[in-house]
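Undergrad: Just query_30.cif, nothing more (mmCIF, C-alpha atoms):
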data_protein
loop_
_atom_site.label_atom_id
_atom_site.label_comp_id
_atom_site.auth_asym_id
_atom_site.auth_seq_id
_atom_site.Cartn_x
_atom_site.Cartn_y
_atom_site.Cartn_z
CA MET Y 1 38.34 63.83 -23.26
CA GLN Y 2 40.19 62.55 -20.20
CA LEU Y 3 40.31 58.77 -19.99
CA ILE Y 4 40.63 57.29 -16.51
CA LYS Y 5 42.01 53.76 -16.35
CA GLY Y 6 42.40 51.28 -13.54
CA LYS Y 7 40.73 50.98 -10.18
CA ILE Y 8 39.83 53.99 -8.08
CA LYS Y 9 40.31 54.41 -4.35
CA THR Y 10 36.94 54.65 -2.68
CA ALA Y 11 35.23 54.27 0.67
CA ILE Y 12 32.72 51.43 1.06
CA LYS Y 13 28.96 51.62 1.54
CA THR Y 14 27.72 48.68 3.60
CA ILE Y 15 24.25 47.51 4.65
CA ILE Y 16 23.94 44.96 7.44
CA TYR Y 17 20.52 43.51 8.11
CA GLY Y 18 19.50 40.47 10.10
CA VAL Y 19 17.26 38.88 12.68
CA GLU Y 20 16.76 40.21 16.19
CA GLY Y 21 19.68 39.73 18.57
CA ILE Y 22 22.16 38.59 15.93
CA GLY Y 23 24.62 41.39 16.81
CA LYS Y 24 24.29 43.94 14.00
CA SER Y 25 25.32 46.92 16.13
CA THR Y 26 28.27 45.04 17.63
CA PHE Y 27 29.39 44.07 14.13
CA ALA Y 28 29.12 47.68 12.90
CA ALA Y 29 31.13 48.91 15.89
CA GLN Y 30 34.18 47.01 14.59
CA PHE Y 31 34.45 49.07 11.38
CA PRO Y 32 37.35 51.55 11.25
CA ASP Y 33 36.95 54.49 13.68
CA PRO Y 34 33.11 54.47 13.69
CA VAL Y 35 30.73 57.16 14.90
CA PHE Y 36 27.13 56.09 15.50
CA ILE Y 37 23.91 57.93 14.75
CA ASP Y 38 21.68 55.78 16.92
CA THR Y 39 18.21 56.47 15.53
CA GLU Y 40 16.46 54.06 17.89
CA GLY Y 41 18.52 54.64 21.02
CA SER Y 42 19.48 51.00 21.50
CA THR Y 43 23.27 51.20 21.88
CA SER Y 44 23.47 52.69 25.37
CA HIS Y 45 25.07 49.46 26.65
CA MET Y 46 27.87 49.63 24.08
CA ASP Y 47 31.24 51.33 24.46
CA ILE Y 48 31.12 53.33 21.22
CA THR Y 49 31.43 56.90 19.92
CA ARG Y 50 28.01 58.36 19.18
CA ILE Y 51 26.13 61.61 18.80
CA PRO Y 52 22.78 62.36 20.48
CA THR Y 53 19.84 60.42 19.06
CA PRO Y 54 18.15 62.61 16.41
CA LYS Y 55 14.60 63.56 17.32
CA SER Y 56 13.50 64.23 13.73
CA PHE Y 57 14.42 63.39 10.17
CA SER Y 58 15.58 66.96 9.58
CA GLU Y 59 17.93 66.63 12.56
CA LEU Y 60 19.28 63.38 11.11
CA LEU Y 61 20.10 65.12 7.82
CA GLU Y 62 21.76 67.97 9.75
CA ASP Y 63 23.94 65.43 11.56
CA ILE Y 64 25.08 63.99 8.23
CA ASP Y 65 25.74 67.52 6.92
CA TYR Y 66 28.00 68.16 9.92
CA PHE Y 67 30.21 65.18 9.05
CA ILE Y 68 30.26 66.22 5.39
CA ARG Y 69 31.84 69.47 6.61
CA HIS Y 70 34.13 67.63 9.08
CA PRO Y 71 35.04 64.28 7.46
CA SER Y 72 38.33 64.06 9.35
CA GLU Y 73 36.49 63.37 12.61
CA LEU Y 74 35.68 59.78 11.65
CA SER Y 75 36.46 56.95 9.26
CA THR Y 76 33.03 55.27 9.33
CA LEU Y 77 29.55 56.68 9.88
CA VAL Y 78 27.03 54.15 11.19
CA ILE Y 79 23.30 54.79 11.03
CA ASP Y 80 21.72 52.29 13.39
CA THR Y 81 19.10 51.57 12.10
CA ALA Y 82 17.89 52.52 8.60
CA ASP Y 83 14.33 51.38 9.33
CA TRP Y 84 14.12 53.72 12.32
CA ALA Y 85 15.53 56.51 10.17
CA GLU Y 86 12.67 55.78 7.80
CA LYS Y 87 10.24 56.04 10.74
CA LEU Y 88 11.54 59.57 11.32
CA ALA Y 89 10.86 60.36 7.66
CA ILE Y 90 7.32 58.94 7.97
CA LYS Y 91 6.67 61.03 11.08
CA LYS Y 92 7.90 64.15 9.29
CA ILE Y 93 5.53 63.56 6.36
CA CYS Y 94 2.57 62.73 8.62
CA ASP Y 95 3.11 65.83 10.78
CA LYS Y 96 3.44 68.06 7.74
CA ASN Y 97 0.17 66.75 6.28
CA SER Y 98 -1.66 66.56 9.63
CA VAL Y 99 -2.48 62.85 9.31
CA ASP Y 100 -2.14 60.01 11.80
CA GLY Y 101 -0.55 57.57 9.35
CA ILE Y 102 1.08 57.51 5.94
CA GLU Y 103 -2.06 55.91 4.50
CA GLY Y 104 -3.94 59.10 5.34
CA ILE Y 105 -2.31 60.92 2.42
CA PRO Y 106 -4.38 60.08 -0.70
CA TYR Y 107 -3.22 58.48 -3.95
CA GLY Y 108 -0.14 56.97 -2.32
CA ARG Y 109 1.62 60.34 -2.28
CA GLY Y 110 2.71 59.80 1.32
CA TYR Y 111 4.80 56.81 0.28
CA MET Y 112 6.31 58.83 -2.55
CA TYR Y 113 7.31 61.60 -0.12
CA VAL Y 114 9.00 59.10 2.19
CA PHE Y 115 10.82 57.54 -0.77
CA GLU Y 116 12.08 60.96 -1.79
CA ASP Y 117 13.30 61.74 1.73
CA MET Y 118 15.16 58.44 1.95
CA GLY Y 119 16.73 59.28 -1.40
CA ARG Y 120 17.87 62.64 -0.01
CA MET Y 121 19.48 60.87 2.92
CA LEU Y 122 21.37 58.50 0.59
CA ASN Y 123 22.53 61.44 -1.54
CA LYS Y 124 24.05 63.08 1.53
CA LEU Y 125 25.64 59.81 2.61
CA GLN Y 126 27.10 59.43 -0.88
CA GLU Y 127 28.58 62.92 -0.58
CA LEU Y 128 30.20 61.88 2.70
CA CYS Y 129 31.43 58.64 1.15
CA ASP Y 130 33.02 60.63 -1.69
CA LYS Y 131 35.11 62.36 1.00
CA GLY Y 132 36.58 58.97 2.00
CA VAL Y 133 34.26 58.03 4.88
CA ASN Y 134 32.84 54.50 4.98
CA ILE Y 135 29.07 54.29 5.44
CA VAL Y 136 27.27 51.53 7.37
CA LEU Y 137 23.49 51.22 7.56
CA THR Y 138 22.01 48.54 9.78
CA SER Y 139 18.45 47.29 9.48
CA HIS Y 140 16.12 44.80 11.07
CA ALA Y 141 14.93 41.93 8.88
CA THR Y 142 11.42 40.80 8.06
CA ILE Y 143 9.88 37.96 6.08
CA ARG Y 144 7.81 38.98 3.06
CA THR Y 145 5.94 36.93 0.49
CA PHE Y 146 7.31 37.40 -3.00
CA THR Y 147 5.33 36.56 -6.12
CA PRO Y 148 7.60 36.05 -9.17
CA PRO Y 149 6.41 37.75 -12.35
CA GLU Y 150 6.60 34.42 -14.16
CA SER Y 151 3.08 33.00 -14.15
CA ASP Y 152 4.24 29.40 -13.70
CA GLN Y 153 6.04 30.05 -10.38
CA ASN Y 154 4.43 30.00 -6.95
CA ALA Y 155 4.85 32.74 -4.36
CA TYR Y 156 7.43 32.13 -1.63
CA ASP Y 157 8.68 33.76 1.57
CA ARG Y 158 12.02 35.54 1.73
CA TRP Y 159 14.04 37.72 4.11
CA GLU Y 160 14.21 41.45 3.31
CA MET Y 161 15.09 44.68 5.08
CA LYS Y 162 12.31 45.91 7.33
CA LEU Y 163 11.62 49.02 5.27
CA LEU Y 164 8.62 50.23 3.27
CA ALA Y 165 8.29 48.10 0.15
CA SER Y 166 5.39 49.23 -1.99
CA LYS Y 167 4.74 50.43 -5.51
CA ASN Y 168 5.42 54.06 -4.56
CA CYS Y 169 8.14 53.47 -1.97
CA ASP Y 170 10.51 50.55 -2.42
CA SER Y 171 13.19 51.55 0.06
CA PRO Y 172 14.88 48.11 0.21
CA ARG Y 173 15.49 48.16 -3.55
CA MET Y 174 16.88 51.72 -3.46
CA LEU Y 175 19.27 50.91 -0.59
CA LYS Y 176 20.46 47.71 -2.26
CA GLU Y 177 21.22 49.52 -5.51
CA TRP Y 178 23.12 52.23 -3.62
CA ALA Y 179 25.28 49.95 -1.46
CA ASP Y 180 28.53 48.19 -2.35
CA LEU Y 181 28.00 45.47 0.23
CA VAL Y 182 24.68 44.06 1.47
CA LEU Y 183 25.09 41.44 4.19
CA PHE Y 184 22.29 39.29 5.58
CA ALA Y 185 23.04 37.91 9.06
CA ASN Y 186 21.23 34.91 10.53
CA TRP Y 187 21.65 31.89 12.79
CA LYS Y 188 22.76 28.92 10.73
CA THR Y 189 20.54 25.86 10.91
CA ILE Y 190 20.52 22.62 8.99
CA THR Y 191 17.57 20.34 8.35
CA VAL Y 192 17.79 16.57 8.22
CA LYS Y 193 15.18 13.86 7.82
CA ASP Y 194 14.76 11.22 10.49
CA ALA Y 195 13.82 7.59 9.97
CA ASN Y 196 10.15 8.63 9.61
CA LYS Y 197 11.09 11.08 6.87
CA LYS Y 198 10.19 14.00 9.14
CA THR Y 199 12.35 17.09 8.82
CA LYS Y 200 14.11 18.31 11.96
CA ALA Y 201 16.18 21.46 12.41
CA HIS Y 202 19.56 21.33 14.12
CA GLY Y 203 21.98 24.08 15.07
CA GLY Y 204 20.86 27.66 15.51
CA THR Y 205 23.98 28.59 17.53
CA GLU Y 206 26.40 29.63 14.76
CA ARG Y 207 26.12 33.16 13.38
CA VAL Y 208 26.77 33.52 9.66
CA MET Y 209 26.34 36.20 7.02
CA TYR Y 210 25.40 35.79 3.39
CA THR Y 211 26.94 37.99 0.70
CA GLN Y 212 25.08 36.94 -2.45
CA HIS Y 213 21.46 37.07 -3.54
CA ARG Y 214 19.47 33.89 -3.11
CA VAL Y 215 15.79 33.01 -3.29
CA ALA Y 216 15.46 33.16 0.50
CA TRP Y 217 17.21 36.51 1.08
CA ASP Y 218 18.66 39.68 -0.45
CA ALA Y 219 22.42 40.18 -0.42
CA LYS Y 220 25.18 41.39 -2.72
CA ASN Y 221 28.84 42.33 -2.80
CA ARG Y 222 31.20 43.91 -5.31
CA PHE Y 223 34.31 42.25 -3.93
CA ASP Y 224 33.98 38.61 -5.01
CA LEU Y 225 33.39 37.42 -1.45
CA PRO Y 226 32.41 33.81 -0.69
CA GLU Y 227 28.66 33.27 -0.53
CA GLU Y 228 28.74 32.50 3.21
CA LEU Y 229 31.08 33.81 5.91
CA PRO Y 230 31.20 33.75 9.71
CA PHE Y 231 29.35 36.78 11.10
CA SER Y 232 32.56 38.37 12.27
CA PHE Y 233 34.14 41.61 11.08
CA SER Y 234 37.44 39.77 10.67
CA ALA Y 235 35.87 38.03 7.64
CA ILE Y 236 35.69 41.32 5.73
CA ALA Y 237 38.37 43.37 7.53
CA HIS Y 238 40.72 42.99 4.57
CA LEU Y 239 38.37 45.20 2.51
CA PHE Y 240 39.13 48.18 4.75
CA THR Y 241 42.92 48.10 4.85
CA GLU Y 242 44.78 50.95 3.22
CA ASP Y 243 46.16 48.67 0.52
CA ALA Y 244 42.72 47.32 -0.30
CA ARG Y 245 41.16 50.79 -0.45
CA SER Y 246 43.95 52.28 -2.56
CA GLN Y 247 43.97 49.41 -5.02
CA ASN Y 248 40.26 48.67 -4.76
CA ALA Y 249 41.26 45.07 -5.33
CA PRO Y 250 40.75 43.20 -2.07
CA LYS Y 251 42.09 39.71 -1.80
CA THR Y 252 39.31 37.24 -1.12
CA PRO Y 253 40.08 34.83 1.73
CA PRO Y 254 39.83 31.17 0.85
CA PRO Y 255 36.23 29.98 1.25
CA LYS Y 256 35.37 27.70 4.13
CA VAL Y 257 34.80 24.07 3.36
CA GLU Y 258 31.01 23.91 3.52
CA ALA Y 259 28.73 20.95 3.63
CA ASP Y 260 27.58 21.66 0.08
CA ASN Y 261 31.13 21.08 -1.17
CA VAL Y 262 31.12 17.48 0.07
CA SER Y 263 29.59 14.89 -2.19
CA THR Y 264 26.59 13.01 -0.85
CA GLU Y 265 26.97 10.13 -3.27
CA GLU Y 266 27.37 6.69 -1.74
CA ARG Y 267 30.87 5.30 -1.98
CA GLU Y 268 32.48 1.96 -1.56
CA PRO Y 269 33.90 1.50 1.96
CA VAL Y 270 37.39 2.87 2.28
CA ASN Y 271 39.87 1.02 4.47
CA PRO Y 272 41.57 3.27 7.03
CA PRO Y 273 45.20 4.09 6.18
CA GLU Y 274 47.90 2.13 7.98
CA ASN Y 275 49.59 5.39 9.01
CA PRO Y 276 46.95 8.08 9.50
CA PRO Y 277 48.19 11.60 8.78
CA VAL Y 278 49.27 13.61 11.81
CA LEU Y 279 47.13 16.75 12.11
CA GLU Y 280 49.04 19.97 12.58
CA ASN Y 281 48.06 22.29 15.40
CA LYS Y 282 46.17 25.12 13.74
CA THR Y 283 44.11 28.08 14.83
CA THR Y 284 40.75 28.13 13.05
CA SER Y 285 37.57 30.14 13.43
CA ALA Y 286 35.66 26.95 14.03
CA PRO Y 287 37.37 24.48 16.37
CA GLY Y 288 37.35 20.87 15.27
CA TYR Y 289 37.17 21.42 11.52
CA GLU Y 290 40.61 19.90 10.95
CA ALA Y 291 39.25 16.62 12.31
CA PHE Y 292 37.64 16.12 8.91
CA GLU Y 293 41.01 15.79 7.19
CA ASP Y 294 41.21 12.08 7.95
CA GLU Y 295 37.55 11.60 6.96
CA PRO Y 296 37.46 12.69 3.32
CA HIS Y 297 34.25 10.90 2.34
CA LEU Y 298 31.75 11.91 4.99
CA PRO Y 299 28.17 12.59 3.84
CA SER Y 300 27.29 16.28 3.81
CA GLU Y 301 24.71 15.80 6.57
CA LEU Y 302 27.41 14.55 8.97
CA VAL Y 303 29.79 17.33 8.01
CA SER Y 304 27.07 19.88 8.78
CA LEU Y 305 26.27 18.29 12.14
CA PHE Y 306 29.97 18.18 13.07
CA LYS Y 307 30.42 21.87 12.24
CA VAL Y 308 27.28 23.07 13.97
CA SER Y 309 28.01 21.03 17.09
CA GLU Y 310 31.83 21.46 16.93
CA VAL Y 311 32.42 17.72 17.20
CA HIS Y 312 35.32 15.58 16.03
CA ALA Y 313 34.71 12.57 13.83
CA HIS Y 314 36.58 10.32 16.25
CA GLU Y 315 34.19 11.36 19.04
CA LEU Y 316 31.27 9.97 17.06
CA ARG Y 317 33.26 6.75 16.61
CA LEU Y 318 33.68 6.47 20.38
CA VAL Y 319 29.93 6.60 20.95
CA VAL Y 320 29.22 4.19 18.10
CA THR Y 321 31.76 1.72 19.51
CA GLU Y 322 30.37 2.14 23.02
CA LYS Y 323 26.92 1.20 21.71
CA GLY Y 324 28.41 -1.91 20.10
CA PHE Y 325 27.61 -1.07 16.50
CA PHE Y 326 31.08 -0.93 14.91
CA PRO Y 327 34.72 -1.16 16.08
CA ASN Y 328 36.49 2.08 16.96
CA ASP Y 329 39.07 1.66 14.19
CA MET Y 330 36.31 1.78 11.58
CA MET Y 331 36.19 5.20 9.96
CA ALA Y 332 32.90 7.11 10.21
CA SER Y 333 33.07 7.56 6.43
CA ASP Y 334 32.79 3.75 6.15
CA TYR Y 335 29.53 3.55 8.13
CA PRO Y 336 26.66 2.21 6.00
CA ARG Y 337 24.44 4.94 4.66
CA GLU Y 338 21.40 3.30 6.24
CA PHE Y 339 23.08 3.46 9.68
CA ILE Y 340 23.75 7.19 9.29
CA ASP Y 341 20.22 7.94 8.07
CA GLU Y 342 18.38 5.71 10.53
CA TRP Y 343 20.46 6.04 13.73
CA VAL Y 344 23.13 8.75 13.71
CA ILE Y 345 21.05 11.65 12.37
CA PRO Y 346 17.78 10.89 14.23
CA CYS Y 347 19.68 10.35 17.51
CA TRP Y 348 22.13 13.23 17.13
CA ASP Y 349 20.98 15.15 20.20
CA LYS Y 350 21.54 12.08 22.39
CA ILE Y 351 24.87 11.36 20.71
CA LEU Y 352 26.01 14.94 21.34
CA GLY Y 353 24.97 14.64 24.98
CA ARG Y 354 27.05 11.50 25.40
CA ILE Y 355 30.04 13.15 23.72
CA LYS Y 356 29.89 15.98 26.24
CA GLU Y 357 29.77 13.42 29.06
CA LEU Y 358 32.84 11.64 27.65
CA ARG Y 359 34.71 14.95 27.52
CA LEU Y 360 34.00 15.55 31.18
CA GLU Y 361 35.05 12.00 32.06
CA ASN Y 362 38.27 12.29 30.08
CA PRO Y 363 39.57 15.91 29.89
CA PHE Y 364 42.45 14.76 27.65
CA LEU Y 365 40.10 13.35 25.04
CA ASN Y 366 40.51 16.48 22.90
CA SER Y 367 43.65 18.03 24.29
CA ASP Y 368 44.84 18.88 20.78
CA VAL Y 369 41.93 21.25 20.07
CA GLN Y 370 40.06 23.10 22.79
CA LEU Y 371 36.28 23.13 22.35
CA PRO Y 372 33.93 25.52 24.16
CA PHE Y 373 31.89 22.97 26.13
#
For the file at hand, write its structure as structure tokens.
TA:
Amino acid sequence: MQLIKGKIKTAIKTIIYGVEGIGKSTFAAQFPDPVFIDTEGSTSHMDITRIPTPKSFSELLEDIDYFIRHPSELSTLVIDTADWAEKLAIKKICDKNSVDGIEGIPYGRGYMYVFEDMGRMLNKLQELCDKGVNIVLTSHATIRTFTPPESDQNAYDRWEMKLLASKNCDSPRMLKEWADLVLFANWKTITVKDANKKTKAHGGTERVMYTQHRVAWDAKNRFDLPEELPFSFSAIAHLFTEDARSQNAPKTPPPKVEADNVSTEEREPVNPPENPPVLENKTTSAPGYEAFEDEPHLPSELVSLFKVSEVHAHELRLVVTEKGFFPNDMMASDYPREFIDEWVIPCWDKILGRIKELRLENPFLNSDVQLPF
């Protein structure tokens, strides 16, 4: 009996799914040396390497077979999208059985046939992956209602891949089990309550991806990635370096400081230091984050607003001072909690507007860190 120890070099199987317009195809195009099988014909505007759009599911499988025979022609195969590949499988089954829709095949056998065809596609992709080619499947996202098997829990909505999900054909489950990396991409929003206890959403301009399963979405990774990352290939590029593939032990980048990592407990006011620390000039993926270093006790709601809006803490202080509430040398972390809850958060849109005006009036206000306004 041969015993194999240690980690084994392997290509990576990735699924990227997300909301419309989030940039799934653009993200996939940044994988190493990719070739696209564009099943829905939506990448004509992109400067990528592709093959002609397959007109049938059989043609799609033939395309994969070609790359199995010629793996040296690419480093990554992208199928964009998996749900349109499934549509080709559905059309094949319907044409073969002379029915207008998959429901026309009795006893749910149509769904079983589609499930089997999708399994055949994954088997071929696995064969290509075993030859050292990375696999990327993109998919649209949809919201489905999930009813937990526990009788004491209520049903809830969650994001899933836009694939058939029934008793006889659970394609999302099969793809998730097959993949090494399942990424859910969405626009990040935060919700805060105003003075009337009404919930308002802020943000919606920052693209993020989630790497771990949560109640609201499906995701997973086998590389110990942080739960949330910027939706940028650079966040996972280290997984595809030669060292990472040969050792199969990618180094996880330090997680971002998220709002959830900041305590929301009320604290005693902290007097500002006599000699505030001098911030070093850094390059970050999110301009303005280093402004939090001199504000260590900010409530999580403010931290989230600062990150979403790319605002410095001292800019908020300028507006607060201008309104006559508190002196400019008073740290934002020392503001009373009632003031934050009843004025800052409910009036954030107006505060942000005034900050933008101040930047235009004084271009040197943030000369240390350039912000995209």
Undergrad: For range 119-126 of chain Y, what centre and edge lengths in Å (one decimal) does the axis-aligned box get once 4 Å is added on each side of all its listed atoms, as JSON?
TA:
{"center_x": 21.9, "center_y": 60.8, "center_z": 0.7, "size_x": 18.4, "size_y": 12.6, "size_z": 12.5}
Undergrad: So the first atom is CA of Glu40 in chain Y and the second is CA of Ala89 in chain Y; what is the distance between them in Å, to one decimal place?
TA: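 So the answer is 13.3 Å.
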Undergrad: Once the PyMOL selection byres ((chain Y and resi 166) around 12) is applied to the coordinates I shared, what remains selected? I want it as a PyMOL selection string.
TA: chain Y and resi 103+108-112+114-115+144+163-165+167-174
Undergrad: Go through the shown structure with the PyMOL selection byres ((chain Y and resi 157) around 9) and write out the matching residues as JSON, numbers by chain.
TA: {"Y": [143, 144, 145, 146, 147, 155, 156, 158, 159, 215, 216, 217]}
Undergrad: Could the residues in this selection be written to a file with C-alpha atoms, as a short mmCIF file (atom, residue, chain, number, x, y, z; two decimals), in the frame of the given file?
TA:
data_model
loop_
_atom_site.label_atom_id
_atom_site.label_comp_id
_atom_site.auth_asym_id
_atom_site.auth_seq_id
_atom_site.Cartn_x
_atom_site.Cartn_y
_atom_site.Cartn_z
CA ILE Y 143 9.88 37.96 6.08
CA ARG Y 144 7.81 38.98 3.06
CA THR Y 145 5.94 36.93 0.49
CA PHE Y 146 7.31 37.40 -3.00
CA THR Y 147 5.33 36.56 -6.12
CA ALA Y 155 4.85 32.74 -4.36
CA TYR Y 156 7.43 32.13 -1.63
CA ARG Y 158 12.02 35.54 1.73
CA TRP Y 159 14.04 37.72 4.11
CA VAL Y 215 15.79 33.01 -3.29
CA ALA Y 216 15.46 33.16 0.50
CA TRP Y 217 17.21 36.51 1.08
#
Undergrad: Using all atoms listed in the file, determine which residues lie at most 7 Å from range 225-230 of chain Y, disregarding the query and same-chain residues fewer than 3 positions distant; provide the list as a ChimeraX atom specification.
TA: /Y:207-212,221,235,252,255
Undergrad: Dump C-alpha atoms for the selected residues as a PDB file, keeping the file's coordinate frame?
TA:
ATOM      1  CA  ARG Y 207      26.120  33.160  13.380  1.00  0.00           C
ATOM      2  CA  VAL Y 208      26.770  33.520   9.660  1.00  0.00           C
ATOM      3  CA  MET Y 209      26.340  36.200   7.020  1.00  0.00           C
ATOM      4  CA  TYR Y 210      25.400  35.790   3.390  1.00  0.00           C
ATOM      5  CA  THR Y 211      26.940  37.990   0.700  1.00  0.00           C
ATOM      6  CA  GLN Y 212      25.080  36.940  -2.450  1.00  0.00           C
ATOM      7  CA  ASN Y 221      28.840  42.330  -2.800  1.00  0.00           C
ATOM      8  CA  ALA Y 235      35.870  38.030   7.640  1.00  0.00           C
ATOM      9  CA  THR Y 252      39.310  37.240  -1.120  1.00  0.00           C
ATOM     10  CA  PRO Y 255      36.230  29.980   1.250  1.00  0.00           C
TER      11      PRO Y 255
END
Undergrad: In Å to one decimal, how far is CA of Met331 in chain Y from CA of Glu315 in chain Y?
TA: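 Spanning CA of Glu315 in chain Y to CA of Met331 in chain Y is a straight-line distance of 11.2 Å.
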Undergrad: Pick out the closest residue to Lys307 in chain Y from this set: Y:Ser232, Y:Thr189, Y:Thr321, Y:Thr10. Count only C-alpha atoms.
TA: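 Between Y:Ser232, Y:Thr189, Y:Thr321, Y:Thr10, the residue approaching Lys307 in chain Y most closely is Y:Thr189.
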Undergrad: Which residues match the PyMOL selection byres ((chain Y and resi 71-73) around 8) in the file above, as a PyMOL selection string?
TA: chain Y and resi 67-70+74-75+128+131-133
Undergrad: I'd like the contact shell of Glu177 in chain Y - 12 Å cut-off, all atoms listed in the file, skipping same-chain residues fewer than 5 positions apart - returned as a list in words.
TA: Lys13, Thr14, Ile15, Gly119, Leu122, Asp170, Ser171, Pro172, Val182, Asp218, Ala219, Lys220, Asn221 and Arg222 of chain Y
